[in-house]
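Structure first, then comments.
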Amino acid sequence: MTTPTNTTHLKITTPIGLISPRFYGHFAEHLARCCYDGLWVGPSSSIPNTRGWRNDLVSALQQMPVPMIRWPGGCYADHYHWRDGIGQRTPRLGISCGTRVTDTNELGTHEFMDLCELLQSEAYLAGNMASGSVQEMCDWLEYTSGTADTTVTRERQKNGRKDPWDVKLWGVGNESWDCGGRYDAKTYAAEFKRYGVMMKHVDPSVELVAVGNDEVAAARADHMETFWNEIFMEHIQDHIDLIDHLSVHTYWIDGGAETGFSEENYYTLLAEADTTEEAIVRAKRTIDKYVRGRKNIKVAMDEYGVWHPETRPWGPGPHDDSRPNNFEQANTLRDALSVGIALEGFHRQANILGLANLAQIVNVLQSVAMTEGEKMFLTPTYHALKLHEHHIGATSCHVEVQTDRVFKMPRVTATASQKDGNTNLTLINRHISEESQIMLYDLPETLLSAQLLSGPAPDATNTYDQPERISLQPLDVYKEDNTWKLTLPPHSMATLRFSR
């Protein structure tokens with residue numbers, strides 16, 4: 001079958017594995033305006049709120065959805081002492097920890113867990129290894145999850161929470177090769193074993209996330225051992241009962257400016273998003289080399305997303321020092337497509353990926369919303385995630401795609417899933433300037449819905465003045481000779497849902 005240069009043929013084939021809700025996790029760090037003046041405005045704010053959480057943002061996040069949130073960092077986690085954020089809110093002493101935020105500690109454990117309950121999100125707590133202690137982290141675990149009558153659980157009850165929250169996901173440090181203490185991998189492995197043994201004593205069912213990295217990213221960064229994962233796994237291989245996930249962080253940094261980028265920059269960023277899947281596979285290959293089938297330790301992609309040079313006072317890649325930095329970036333349609341590309345990889349690697357967290361949820365880096373006083377708008381990334389919501393909890397499937405290539409990548413890519421007789425198919429037309437004709441084969445008879453995310457240019461974004469410039473729109477799909485047909489505009493993404 002010959003494929004014209006603008007026509008793509010797709011067919012869904014064999015199942016892969018379950019698309020965990022944890023693949024759609026988010027990340028809220030005490031950094032710039034993510035938590036304070038973002039999610040959290042405080043109960044006395046004139047901005048409408050529920051117990052301190054701004055209502056318009058909570059309502060938007062409830063509709064996305066947000067299955068899991070990692071908190072309080074990030075690099076901030078290794079400065080954070082959880083006891084500073086419990087008890088009566090008004091006398092809590094503030095701290096400044098060098099991560100460009102002065103923390104009043106108004107937002108602590110009880111407040112964060114309240115947000116998780118508002119959003120029906122699982123909590124993923126990042127513990128303080130670098131400036132904390134084993135005892136401090138174990139006490140936090142007992143405070144959040146303990147059921148026995150102890151001094152710590154009585155303290156929780158005194159502070160207003162009778163029943164435990166039963167938090168299962170815990171990070172043991174963050175980026176310990178750099179901002180989390182500049183450990184070497186061997187030393188970190190020894191420390192992880194101490195933390196792991198004691199935390200599993202407190203709660204044997206807890207899931208511990210160990211700090212890893214990606215060898216390709218490490219090769220271009222300071223303070224990182226290139227073969228950290230290899231060395232760590234070698235020294236932990238006789239203690240695999242302690243580790244449940246190995247973390248990898250991937251930021252896409254080579255796409256040039258956030259707006260006004262060139263055609264080459266456009267494709268470079270999309271190609272970089274493709275490499276996220278490769279990082280997952282590399283990490284799992286190293287894990288399995290040392291685990292040798294004794295346990296299914298999964299990869300935690302617990303920080304990922306676009307990090308443009310305008311937003312980098314430090315971190316990977318080139319920097320732009322021409323403007324004051326508050327970690328806020330434009331969040332364009334191109335950025336939304338990059339998340340869709342990463343999700344394709346997550347679905348294909350459903351059997352080896354444990355969780356993923358987009359950085360970050362509001363106002364910082366690749367956020368899903370921006371706020372300024374009482375104003376708020378949703379970014380194209382929000383709508384990209386909304387397009388994928390029906391994949392959550394479904395079974396990922398292989399998709400055969402016959403398409404031409406552009407800038408050394410497929411012109412059109414796709415991910416598909418099935419659940420309860422429904423088939424979900426998400427398509428991305430990566431071509432920067434040309435539409436693509438799509439032909440779909442062997443799909444169910446009934447089309448339930450078809451939604452499109454597109455815009456006038458790949459660097460188009462929403463603003464406070466134009467909050468719905470980029471949003472989901474209906475997509476025309478028709479059937480002809482048992483084949484579903486549609487046209488995807490350039491730089492666009494769409495989700496189709498079918499029922500048998």
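Residue numbering restarts at 1 in every chain; chains get A, B, ... in the order shown in the structure tokens, and ligands count up from 1 in that same order.
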Just want the 9 Å neighbourhood of A:Arg156, counted on only C-alpha atoms, with same-chain residues fewer than 6 positions away dropped. Output as an mmCIF file with N, CA and C atoms, in the first residue's frame.
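Here's the written file selection_23.cif:
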```
data_model
loop_
_atom_site.group_PDB
_atom_site.id
_atom_site.type_symbol
_atom_site.label_atom_id
_atom_site.label_comp_id
_atom_site.auth_asym_id
_atom_site.auth_seq_id
_atom_site.Cartn_x
_atom_site.Cartn_y
_atom_site.Cartn_z
ATOM 1 N N ILE A 86 3.258 21.882 61.074
ATOM 2 C CA ILE A 86 2.095 21.304 61.748
ATOM 3 C C ILE A 86 1.754 22.152 62.967
ATOM 4 N N GLY A 87 0.592 21.895 63.560
ATOM 5 C CA GLY A 87 0.145 22.677 64.705
ATOM 6 C C GLY A 87 -0.609 23.914 64.256
ATOM 7 N N TYR A 143 3.439 9.738 61.391
ATOM 8 C CA TYR A 143 2.457 10.807 61.570
ATOM 9 C C TYR A 143 1.352 10.717 60.521
ATOM 10 N N THR A 144 1.723 10.440 59.287
ATOM 11 C CA THR A 144 0.734 10.407 58.204
ATOM 12 C C THR A 144 -0.001 9.080 58.112
ATOM 13 N N LYS A 162 -7.880 12.581 63.118
ATOM 14 C CA LYS A 162 -7.983 11.327 63.865
ATOM 15 C C LYS A 162 -7.456 10.152 63.058
ATOM 16 N N ASP A 163 -7.972 9.978 61.841
ATOM 17 C CA ASP A 163 -7.605 8.819 61.021
ATOM 18 C C ASP A 163 -6.343 9.105 60.217
ATOM 19 N N PRO A 164 -5.503 8.107 60.015
ATOM 20 C CA PRO A 164 -4.298 8.308 59.192
ATOM 21 C C PRO A 164 -4.664 8.530 57.731
#
```
- Query: Please, which residues of stretch 214-304 of chain A, numbered as in this document, come out strand (DSSP E) from DSSP, as a VMD selection string?
  - Reply: chain A and resid 245 to 252 298 to 304
- Closest of A:Thr395, A:Thr250, A:Tyr304, A:Gly293 to A:Gln360 - atom-to-atom distances counting only C-alpha atoms: A:Tyr304
- Message: Write out as a PyMOL selection string the set of residues from stretch 162-213 of chain A that DSSP, computed on the backbone, places in alpha helix (DSSP H).
- Response: chain A and resi 185-202
Residues as selected, N, CA and C atoms, written as an mmCIF file, in the first residue's frame, can you do that?
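In the end it all went to selection17.cif:
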```cif
data_model
loop_
_atom_site.group_PDB
_atom_site.id
_atom_site.type_symbol
_atom_site.label_atom_id
_atom_site.label_comp_id
_atom_site.auth_asym_id
_atom_site.auth_seq_id
_atom_site.Cartn_x
_atom_site.Cartn_y
_atom_site.Cartn_z
ATOM 1 N N ALA A 185 27.168 7.782 44.261
ATOM 2 C CA ALA A 185 26.151 6.728 44.227
ATOM 3 C C ALA A 185 26.372 5.675 45.306
ATOM 4 N N LYS A 186 27.610 5.344 45.585
ATOM 5 C CA LYS A 186 27.902 4.333 46.610
ATOM 6 C C LYS A 186 27.476 4.819 47.992
ATOM 7 N N THR A 187 27.782 6.071 48.304
ATOM 8 C CA THR A 187 27.390 6.627 49.603
ATOM 9 C C THR A 187 25.878 6.732 49.709
ATOM 10 N N TYR A 188 25.237 7.169 48.615
ATOM 11 C CA TYR A 188 23.773 7.254 48.637
ATOM 12 C C TYR A 188 23.153 5.881 48.864
ATOM 13 N N ALA A 189 23.692 4.849 48.248
ATOM 14 C CA ALA A 189 23.163 3.496 48.438
ATOM 15 C C ALA A 189 23.234 3.087 49.903
ATOM 16 N N ALA A 190 24.339 3.404 50.566
ATOM 17 C CA ALA A 190 24.474 3.070 51.985
ATOM 18 C C ALA A 190 23.443 3.825 52.820
ATOM 19 N N GLU A 191 23.252 5.113 52.517
ATOM 20 C CA GLU A 191 22.249 5.900 53.229
ATOM 21 C C GLU A 191 20.841 5.381 52.949
ATOM 22 N N PHE A 192 20.567 5.073 51.688
ATOM 23 C CA PHE A 192 19.239 4.577 51.330
ATOM 24 C C PHE A 192 18.900 3.313 52.111
ATOM 25 N N LYS A 193 19.854 2.440 52.292
ATOM 26 C CA LYS A 193 19.601 1.208 53.044
ATOM 27 C C LYS A 193 19.193 1.523 54.482
ATOM 28 N N ARG A 194 19.845 2.493 55.107
ATOM 29 C CA ARG A 194 19.468 2.870 56.480
ATOM 30 C C ARG A 194 18.037 3.390 56.522
ATOM 31 N N TYR A 195 17.731 4.310 55.620
ATOM 32 C CA TYR A 195 16.379 4.863 55.581
ATOM 33 C C TYR A 195 15.367 3.773 55.246
ATOM 34 N N GLY A 196 15.689 2.957 54.261
ATOM 35 C CA GLY A 196 14.754 1.939 53.808
ATOM 36 C C GLY A 196 14.407 0.935 54.880
ATOM 37 N N VAL A 197 15.408 0.443 55.592
ATOM 38 C CA VAL A 197 15.157 -0.540 56.655
ATOM 39 C C VAL A 197 14.220 0.040 57.706
ATOM 40 N N MET A 198 14.518 1.239 58.170
ATOM 41 C CA MET A 198 13.734 1.812 59.260
ATOM 42 C C MET A 198 12.328 2.208 58.805
ATOM 43 N N MET A 199 12.190 2.715 57.584
ATOM 44 C CA MET A 199 10.859 3.085 57.106
ATOM 45 C C MET A 199 9.995 1.861 56.876
ATOM 46 N N LYS A 200 10.578 0.782 56.373
ATOM 47 C CA LYS A 200 9.814 -0.457 56.192
ATOM 48 C C LYS A 200 9.439 -1.067 57.539
ATOM 49 N N HIS A 201 10.215 -0.780 58.605
ATOM 50 C CA HIS A 201 9.819 -1.216 59.941
ATOM 51 C C HIS A 201 8.557 -0.482 60.388
ATOM 52 N N VAL A 202 8.492 0.817 60.092
ATOM 53 C CA VAL A 202 7.324 1.609 60.473
ATOM 54 C C VAL A 202 6.097 1.156 59.696
#
```
- Pick the closest to A:Glu122 from A:Phe232, A:Phe407, A:Trp170, A:Tyr183: which is it, counting only C-alpha atoms? A:Trp170
- Message: Could you tell me how far atom CA of A:Asn331 sits from atom CA of A:Leu39, in Å to one decimal place?
- Response: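 Separating atom CA of A:Leu39 from atom CA of A:Asn331 is a distance of 17.8 Å.
The space separating atom CA of A:His431 from atom CA of A:Ala279 comes to 24.5 Å.
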- Task: Would you kindly return, as a PyMOL selection string, each protein, DNA or RNA residue with an atom no farther than 10 Å from any atom of A:Asp420, considering only C-alpha atoms and excluding same-chain residues fewer than 2 positions away?
- Result: chain A and resi 394-395+418+422-423+499-500
Generate the output file for the selected residues, N, CA and C atoms, as a CSV table (one decimal), in the first residue's frame.
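So the final result, stored in selection31.csv, reads:
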```csv
chain,number,residue,atom,x,y,z
A,394,ALA,N,-7.1,2.4,31.6
A,394,ALA,CA,-7.4,1.5,30.4
A,394,ALA,C,-6.1,0.7,30.1
A,395,THR,N,-6.3,-0.2,29.2
A,395,THR,CA,-5.1,-1.1,28.7
A,395,THR,C,-4.5,-0.4,27.5
A,418,GLN,N,-7.9,0.6,25.5
A,418,GLN,CA,-9.2,0.0,25.5
A,418,GLN,C,-9.6,-0.3,26.9
A,422,ASN,N,-14.8,0.2,25.1
A,422,ASN,CA,-14.5,1.5,24.5
A,422,ASN,C,-13.0,1.5,24.0
A,423,THR,N,-12.8,2.2,22.9
A,423,THR,CA,-11.4,2.3,22.4
A,423,THR,C,-11.1,3.8,22.3
A,499,SER,N,-17.0,3.1,20.5
A,499,SER,CA,-17.7,2.0,21.3
A,499,SER,C,-18.2,1.0,20.4
A,500,ARG,N,-18.0,-0.3,20.8
A,500,ARG,CA,-18.5,-1.4,20.0
A,500,ARG,C,-20.0,-1.6,20.2
```
- Quick one: pull the distance between atom CA of A:Glu372 and atom CA of A:Ser59, Å, one decimal. 16.7 Å
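Residues with any atom within 12 Å of A:Asn55, counting only C-alpha atoms and excluding same-chain neighbours fewer than 5 positions away, are A:Gly38, A:Leu39, A:Trp40, A:Val41, A:Gly42, A:Pro43, A:Ser45, A:Ser46, A:Ile47, A:Pro48, A:Asn49, A:Thr50, A:Ala60, A:Leu61, A:Gln62, A:Leu115, A:Leu118, A:Leu119, A:Thr371, A:Glu374, A:Lys375, A:Met376.
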Keeping only N, CA and C atoms, take the residues you just selected and write them out as an mmCIF file, in the first residue's frame.
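Produced file part_0.cif, reproduced below:
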```cif
data_model
loop_
_atom_site.group_PDB
_atom_site.id
_atom_site.type_symbol
_atom_site.label_atom_id
_atom_site.label_comp_id
_atom_site.auth_asym_id
_atom_site.auth_seq_id
_atom_site.Cartn_x
_atom_site.Cartn_y
_atom_site.Cartn_z
ATOM 1 N N GLY A 38 -0.038 30.566 44.387
ATOM 2 C CA GLY A 38 -0.449 29.747 43.252
ATOM 3 C C GLY A 38 -1.607 28.886 43.699
ATOM 4 N N LEU A 39 -1.292 27.679 44.096
ATOM 5 C CA LEU A 39 -2.315 26.811 44.669
ATOM 6 C C LEU A 39 -2.891 27.398 45.957
ATOM 7 N N TRP A 40 -2.005 27.869 46.815
ATOM 8 C CA TRP A 40 -2.386 28.295 48.167
ATOM 9 C C TRP A 40 -2.439 29.818 48.249
ATOM 10 N N VAL A 41 -3.603 30.354 48.638
ATOM 11 C CA VAL A 41 -3.727 31.793 48.868
ATOM 12 C C VAL A 41 -4.003 32.101 50.331
ATOM 13 N N GLY A 42 -4.335 31.072 51.111
ATOM 14 C CA GLY A 42 -4.622 31.254 52.526
ATOM 15 C C GLY A 42 -6.094 31.504 52.776
ATOM 16 N N PRO A 43 -6.609 31.042 53.905
ATOM 17 C CA PRO A 43 -8.050 31.161 54.179
ATOM 18 C C PRO A 43 -8.534 32.591 54.351
ATOM 19 N N SER A 45 -7.592 35.121 52.444
ATOM 20 C CA SER A 45 -7.434 35.835 51.179
ATOM 21 C C SER A 45 -8.776 36.323 50.642
ATOM 22 N N SER A 46 -8.742 37.456 49.929
ATOM 23 C CA SER A 46 -9.949 37.942 49.249
ATOM 24 C C SER A 46 -10.274 37.097 48.025
ATOM 25 N N ILE A 47 -9.308 36.317 47.554
ATOM 26 C CA ILE A 47 -9.551 35.398 46.442
ATOM 27 C C ILE A 47 -10.386 34.235 46.957
ATOM 28 N N PRO A 48 -11.516 33.926 46.322
ATOM 29 C CA PRO A 48 -12.361 32.825 46.811
ATOM 30 C C PRO A 48 -11.557 31.545 46.974
ATOM 31 N N ASN A 49 -11.700 30.920 48.141
ATOM 32 C CA ASN A 49 -10.892 29.745 48.439
ATOM 33 C C ASN A 49 -11.637 28.794 49.355
ATOM 34 N N THR A 50 -11.154 27.579 49.390
ATOM 35 C CA THR A 50 -11.648 26.564 50.318
ATOM 36 C C THR A 50 -10.504 26.180 51.242
ATOM 37 N N ALA A 60 -10.793 23.650 38.347
ATOM 38 C CA ALA A 60 -10.184 23.252 37.071
ATOM 39 C C ALA A 60 -9.416 21.948 37.216
ATOM 40 N N LEU A 61 -8.676 21.789 38.305
ATOM 41 C CA LEU A 61 -7.890 20.574 38.506
ATOM 42 C C LEU A 61 -8.787 19.369 38.757
ATOM 43 N N GLN A 62 -9.927 19.583 39.372
ATOM 44 C CA GLN A 62 -10.866 18.481 39.595
ATOM 45 C C GLN A 62 -11.401 17.927 38.281
ATOM 46 N N LEU A 115 -5.633 19.228 50.323
ATOM 47 C CA LEU A 115 -5.683 19.419 48.870
ATOM 48 C C LEU A 115 -5.841 18.080 48.162
ATOM 49 N N LEU A 118 -9.358 17.094 48.362
ATOM 50 C CA LEU A 118 -10.197 17.915 47.483
ATOM 51 C C LEU A 118 -10.112 17.445 46.034
ATOM 52 N N LEU A 119 -8.914 17.054 45.609
ATOM 53 C CA LEU A 119 -8.686 16.657 44.215
ATOM 54 C C LEU A 119 -8.782 15.153 44.008
ATOM 55 N N THR A 371 -1.651 31.915 37.391
ATOM 56 C CA THR A 371 -2.483 32.793 38.204
ATOM 57 C C THR A 371 -1.780 34.126 38.428
ATOM 58 N N GLU A 374 -6.522 37.668 41.240
ATOM 59 C CA GLU A 374 -7.759 36.905 41.063
ATOM 60 C C GLU A 374 -7.879 36.285 39.676
ATOM 61 N N LYS A 375 -6.957 36.616 38.770
ATOM 62 C CA LYS A 375 -7.033 36.106 37.398
ATOM 63 C C LYS A 375 -6.368 34.735 37.283
ATOM 64 N N MET A 376 -6.862 33.936 36.354
ATOM 65 C CA MET A 376 -6.295 32.621 36.094
ATOM 66 C C MET A 376 -6.581 32.237 34.653
#
```
- Within 9 Å of A:Ile12 using only C-alpha atoms, minus same-chain residues under 3 positions, as a PyMOL selection string: chain A and resi 15+397-401+415-417+425+440-443
- Message: Just want the 7 Å neighbourhood of stretch 349-352 of chain A, counted on only C-alpha atoms, with same-chain residues fewer than 3 positions away dropped. Output as an MDAnalysis selection string.
- Response: chainID A and resid 16:19 284 298:299 345:346
